[in-house]
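structure-v6.cif follows; it contains mmCIF, C-alpha atoms.
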```cif
data_final
#
loop_
_atom_site.label_atom_id
_atom_site.label_comp_id
_atom_site.auth_asym_id
_atom_site.auth_seq_id
_atom_site.Cartn_x
_atom_site.Cartn_y
_atom_site.Cartn_z
CA MET A 1 8.00 3.20 16.20
CA PHE A 2 4.28 3.51 16.64
CA GLU A 3 1.52 5.80 17.79
CA LEU A 4 -1.90 4.54 18.79
CA LYS A 5 -5.05 6.58 18.23
CA ASP A 6 -5.20 7.26 21.99
CA GLY A 7 -1.81 9.05 21.75
CA THR A 8 0.32 6.22 23.21
CA LYS A 9 3.75 6.10 21.55
CA SER A 10 6.52 3.53 21.86
CA VAL A 11 9.05 1.44 19.97
CA ILE A 12 8.83 -2.28 19.25
CA GLN A 13 12.31 -3.72 18.87
CA PRO A 14 14.35 -6.62 20.23
CA LEU A 15 16.75 -4.16 21.87
CA GLY A 16 15.19 -3.74 25.29
CA GLY A 17 13.04 -6.84 24.84
CA ASN A 18 9.95 -5.01 23.60
CA PHE A 19 8.21 -7.36 21.17
CA GLY A 20 4.79 -5.75 21.62
CA SER A 21 1.63 -7.78 22.21
CA PRO A 22 -0.87 -9.44 19.88
CA HIS A 23 -3.52 -9.69 22.64
CA GLY A 24 -3.58 -6.16 24.06
CA PRO A 25 -2.15 -2.71 23.52
CA PRO A 26 -0.36 -1.97 21.29
CA TRP A 27 -1.87 -4.85 19.23
CA ILE A 28 1.41 -4.94 17.32
CA HIS A 29 3.71 -7.94 17.68
CA LEU A 30 7.26 -8.74 16.50
CA ASP A 31 7.64 -12.53 16.50
CA LYS A 32 11.41 -12.83 17.03
CA ASP A 33 14.87 -11.33 16.79
CA ASP A 34 16.77 -12.86 13.87
CA ARG A 35 20.23 -11.32 14.31
CA SER A 36 21.89 -13.77 11.94
CA GLY A 37 19.47 -13.67 9.03
CA ALA A 38 19.31 -17.47 9.28
CA ALA A 39 15.56 -17.78 9.98
CA ALA A 40 13.82 -18.98 6.83
CA ASP A 41 10.83 -16.75 7.56
CA GLY A 42 12.85 -13.77 8.88
CA GLU A 43 11.31 -11.48 11.46
CA ASN A 44 7.59 -10.79 11.21
CA LEU A 45 5.71 -7.74 12.49
CA TYR A 46 1.95 -8.18 12.85
CA LEU A 47 -0.65 -5.43 13.25
CA MET A 48 -3.46 -7.30 14.99
CA ARG A 49 -5.98 -4.49 15.60
CA PRO A 50 -5.25 -1.72 13.08
CA GLU A 51 -8.37 0.19 14.12
CA PHE A 52 -6.46 1.25 17.26
CA ILE A 53 -3.29 2.25 15.40
CA ALA A 54 -2.64 5.78 14.10
CA ARG A 55 0.77 5.12 12.53
CA VAL A 56 3.68 2.70 12.51
CA MET A 57 7.09 3.53 11.09
CA VAL A 58 8.67 0.17 10.23
CA PHE A 59 12.45 0.21 10.38
CA ALA A 60 15.50 -1.96 9.95
CA LEU A 61 18.80 -1.42 11.71
CA ILE A 62 22.24 -2.81 10.97
CA TYR A 63 24.37 -3.61 13.99
CA GLU A 64 28.09 -4.30 14.21
CA GLY A 65 29.49 -6.75 11.70
CA ALA A 66 27.91 -5.39 8.53
CA ALA A 67 29.40 -2.56 6.51
CA ASP A 68 26.13 -1.19 5.11
CA PHE A 69 22.69 -2.25 3.88
CA ARG A 70 23.89 -3.14 0.40
CA SER A 71 26.43 -5.64 1.77
CA VAL A 72 23.82 -7.61 3.73
CA GLY A 73 21.36 -7.97 0.84
CA GLY A 74 18.49 -6.91 3.06
CA TYR A 75 14.92 -6.59 1.95
CA MET A 76 11.50 -6.34 3.52
CA THR A 77 8.26 -7.79 2.24
CA MET A 78 5.00 -6.18 3.30
CA VAL A 79 1.71 -8.05 2.98
CA ASP A 80 -1.50 -6.04 3.34
CA GLN A 81 -4.93 -7.18 4.51
CA ALA A 82 -5.86 -8.24 0.96
CA GLY A 83 -2.72 -10.37 0.61
CA SER A 84 -0.97 -8.01 -1.81
CA GLN A 85 2.81 -8.06 -1.40
CA THR A 86 5.28 -5.21 -1.72
CA GLN A 87 9.00 -5.97 -1.53
CA ILE A 88 11.42 -3.19 -0.62
CA ILE A 89 15.12 -3.74 -1.30
CA LEU A 90 17.38 -2.12 1.31
CA ASP A 91 20.53 -1.28 -0.59
CA ASN A 92 22.02 2.00 0.60
CA PRO A 93 25.82 1.69 0.47
CA ASP A 94 26.40 4.47 3.07
CA ALA A 95 28.02 2.90 6.15
CA ASN A 96 27.16 6.04 8.15
CA ARG A 97 23.43 5.43 7.78
CA PRO A 98 22.70 2.04 9.40
CA PHE A 99 19.03 2.84 10.19
CA CYS A 100 16.37 2.54 7.48
CA ALA A 101 12.82 3.82 7.86
CA VAL A 102 11.36 1.28 5.46
CA ALA A 103 7.66 2.10 5.45
CA LEU A 104 4.98 4.18 7.13
CA ILE A 105 1.73 2.40 7.90
CA THR A 106 -1.37 4.44 8.67
CA THR A 107 -5.08 3.74 8.88
CA GLN A 108 -7.70 5.61 6.92
CA GLY A 109 -11.15 4.51 7.99
CA ASP A 110 -11.08 0.73 7.94
CA GLN A 111 -8.21 0.59 5.46
CA VAL A 112 -4.55 0.03 6.27
CA VAL A 113 -2.30 2.15 4.04
CA ILE A 114 1.33 1.14 3.50
CA GLN A 115 3.61 3.86 2.15
CA LYS A 116 7.15 3.01 1.06
CA GLU A 117 9.70 5.30 2.68
CA GLU A 118 13.19 3.77 2.38
CA ARG A 119 14.87 6.71 4.11
CA TYR A 120 18.26 6.14 5.67
CA PHE A 121 19.42 7.77 8.90
CA ARG A 122 22.38 7.69 11.29
CA GLY A 123 20.20 6.16 13.99
CA HIS A 124 16.95 6.04 15.94
CA ARG A 125 17.19 9.64 17.12
CA ASP A 126 17.53 11.08 13.59
CA ALA A 127 14.63 9.00 12.30
CA ASP A 128 12.50 9.97 15.29
CA SER A 129 13.26 13.62 14.64
CA TYR A 130 12.19 13.27 11.01
CA TYR A 131 8.94 11.44 11.86
CA ALA A 132 8.25 13.56 15.00
CA PHE A 133 7.48 10.83 17.51
CA GLY A 134 9.25 12.76 20.29
CA PHE A 135 11.04 9.96 22.14
CA GLU A 136 13.95 10.38 24.56
CA TRP A 137 16.79 8.09 23.45
CA THR A 138 19.47 6.43 25.55
CA PRO A 139 22.30 4.18 24.36
CA GLY A 140 21.56 0.46 24.40
CA SER A 141 23.06 -2.88 23.48
CA LYS A 142 21.80 -6.29 22.42
CA ASP A 143 24.43 -8.02 24.54
#
```

File written out as structure tokens:
Amino acid sequence: MFELKDGTKSVIQPLGGNFGSPHGPPWIHLDKDDRSGAAADGENLYLMRPEFIARVMVFALIYEGAADFRSVGGYMTMVDQAGSQTQIILDNPDANRPFCAVALITTQGDQVVIQKEERYFRGHRDADSYYAFGFEWTPGSKD
């Protein structure tokens, strides 16, 4: 979920085929949908022009077939503009909370600030309510 400095808000996610764009608004790009976890480099989210970005809430979502985050051994690695890495282990054992708000990325001047969140929710709507993006949600499917 993101908000640009001009007030534009949207969600980048494979569900619905919205992978963003590296060459124009929103200047945020998800490179692929790795449903199986088999890709050696995972899924990668790039912020190409952070000067246009107000905030990005980076999330992970478990779909059918996995009991909870702990059972899938999920983690996310964030790399900032200086090359510093932060790894966040996603290990909540609650099967009723398959949505994880992993991090909140904001810009302060010319700096990108990454704040670890690791907050678990029942779904997109609950996370949106917490972070106050104000989206209208409808059911969807990856099929």

### Query
Which neighbours of A:Val102 fall inside 9 Å, counting only C-alpha atoms, when residues of the same chain fewer than 4 positions from it are skipped, and could you give them as a ChimeraX atom specification?
/A:57-60,76,88,90,115-120

### Task
Go through the shown structure with the PyMOL selection byres ((chain A and resi 49) around 12) and write out the matching residues as a list in words.
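So the PyMOL selection byres ((chain A and resi 49) around 12) ends up selecting Leu4, Lys5, Ser21, Pro22, His23, Gly24, Pro25, Pro26, Trp27, Ile28, His29, Tyr46, Leu47, Met48, Pro50, Glu51, Phe52, Ile53, Ala54, Gln81, Thr107, Asp110, Gln111 and Val112 of chain A.
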
Selection from above, C-alpha atoms, as a compact mmCIF listing (two decimals), in the frame of the given file, can you write it?
```txt
# COMPACT_ATOMS: atom_id res chain seq x y z
CA LEU A 4 -1.90 4.54 18.79
CA LYS A 5 -5.05 6.58 18.23
CA SER A 21 1.63 -7.78 22.21
CA PRO A 22 -0.87 -9.44 19.88
CA HIS A 23 -3.52 -9.69 22.64
CA GLY A 24 -3.58 -6.16 24.06
CA PRO A 25 -2.15 -2.71 23.52
CA PRO A 26 -0.36 -1.97 21.29
CA TRP A 27 -1.87 -4.85 19.23
CA ILE A 28 1.41 -4.94 17.32
CA HIS A 29 3.71 -7.94 17.68
CA TYR A 46 1.95 -8.18 12.85
CA LEU A 47 -0.65 -5.43 13.25
CA MET A 48 -3.46 -7.30 14.99
CA PRO A 50 -5.25 -1.72 13.08
CA GLU A 51 -8.37 0.19 14.12
CA PHE A 52 -6.46 1.25 17.26
CA ILE A 53 -3.29 2.25 15.40
CA ALA A 54 -2.64 5.78 14.10
CA GLN A 81 -4.93 -7.18 4.51
CA THR A 107 -5.08 3.74 8.88
CA ASP A 110 -11.08 0.73 7.94
CA GLN A 111 -8.21 0.59 5.46
CA VAL A 112 -4.55 0.03 6.27
```

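Our summary of the geometry notes that atom CA of A:Cys100 is positioned 14.1 Å from atom CA of A:Thr77.
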
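Excluding A:Trp137 and any residue on its chain fewer than 6 positions from it, the residues at most 12 Å away by all atoms listed in the file are Ser10, Val11, Gly123, His124, Arg125, Asp126, Ala127, Asp128 and Ser129 of chain A.
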
### Message
What would the selection look like, as an MDAnalysis selection string, if the PyMOL selection byres ((chain A and resi 93) around 6) were run on the coordinates I just shared?
### Response
chainID A and resid 68 70 92 94

#### Entry: Non-local contacts of A:Glu3 (6 Å; all atoms listed in the file; under 3 positions in same chain excluded) as a ChimeraX atom specification
/A:8-9,54-55

### Task
Between atom CA of A:Thr138 and atom CA of A:Gln13, measure the distance and give it in Å to one decimal.
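Between atom CA of A:Thr138 and atom CA of A:Gln13 the gap works out to 14.1 Å.
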
### Task
Could you please give me, as a list of chain:residue names, the residues of protein, DNA or RNA lying at most 9 Å from (6.5, -11.2, 12.9) in the coordinate frame of the file, considering only C-alpha atoms?
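Looking at atoms near the point gives A:His29, A:Leu30, A:Asp31, A:Lys32, A:Asp41, A:Gly42, A:Glu43, A:Asn44, A:Leu45, A:Tyr46.
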
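Taking atom CA of A:Ile105 and atom CA of A:Asp33 as the two end points, the separation is 21.0 Å.
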
### Message
Could you check the closest approach to A:Gly74 for each of A:Ile114, A:Ala103, A:Gln87, A:Asn18 and tell me which residue wins, using all atoms listed in the file?
### Response
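Looking only at the distances to A:Gly74, the closest residue turns out to be A:Gln87.
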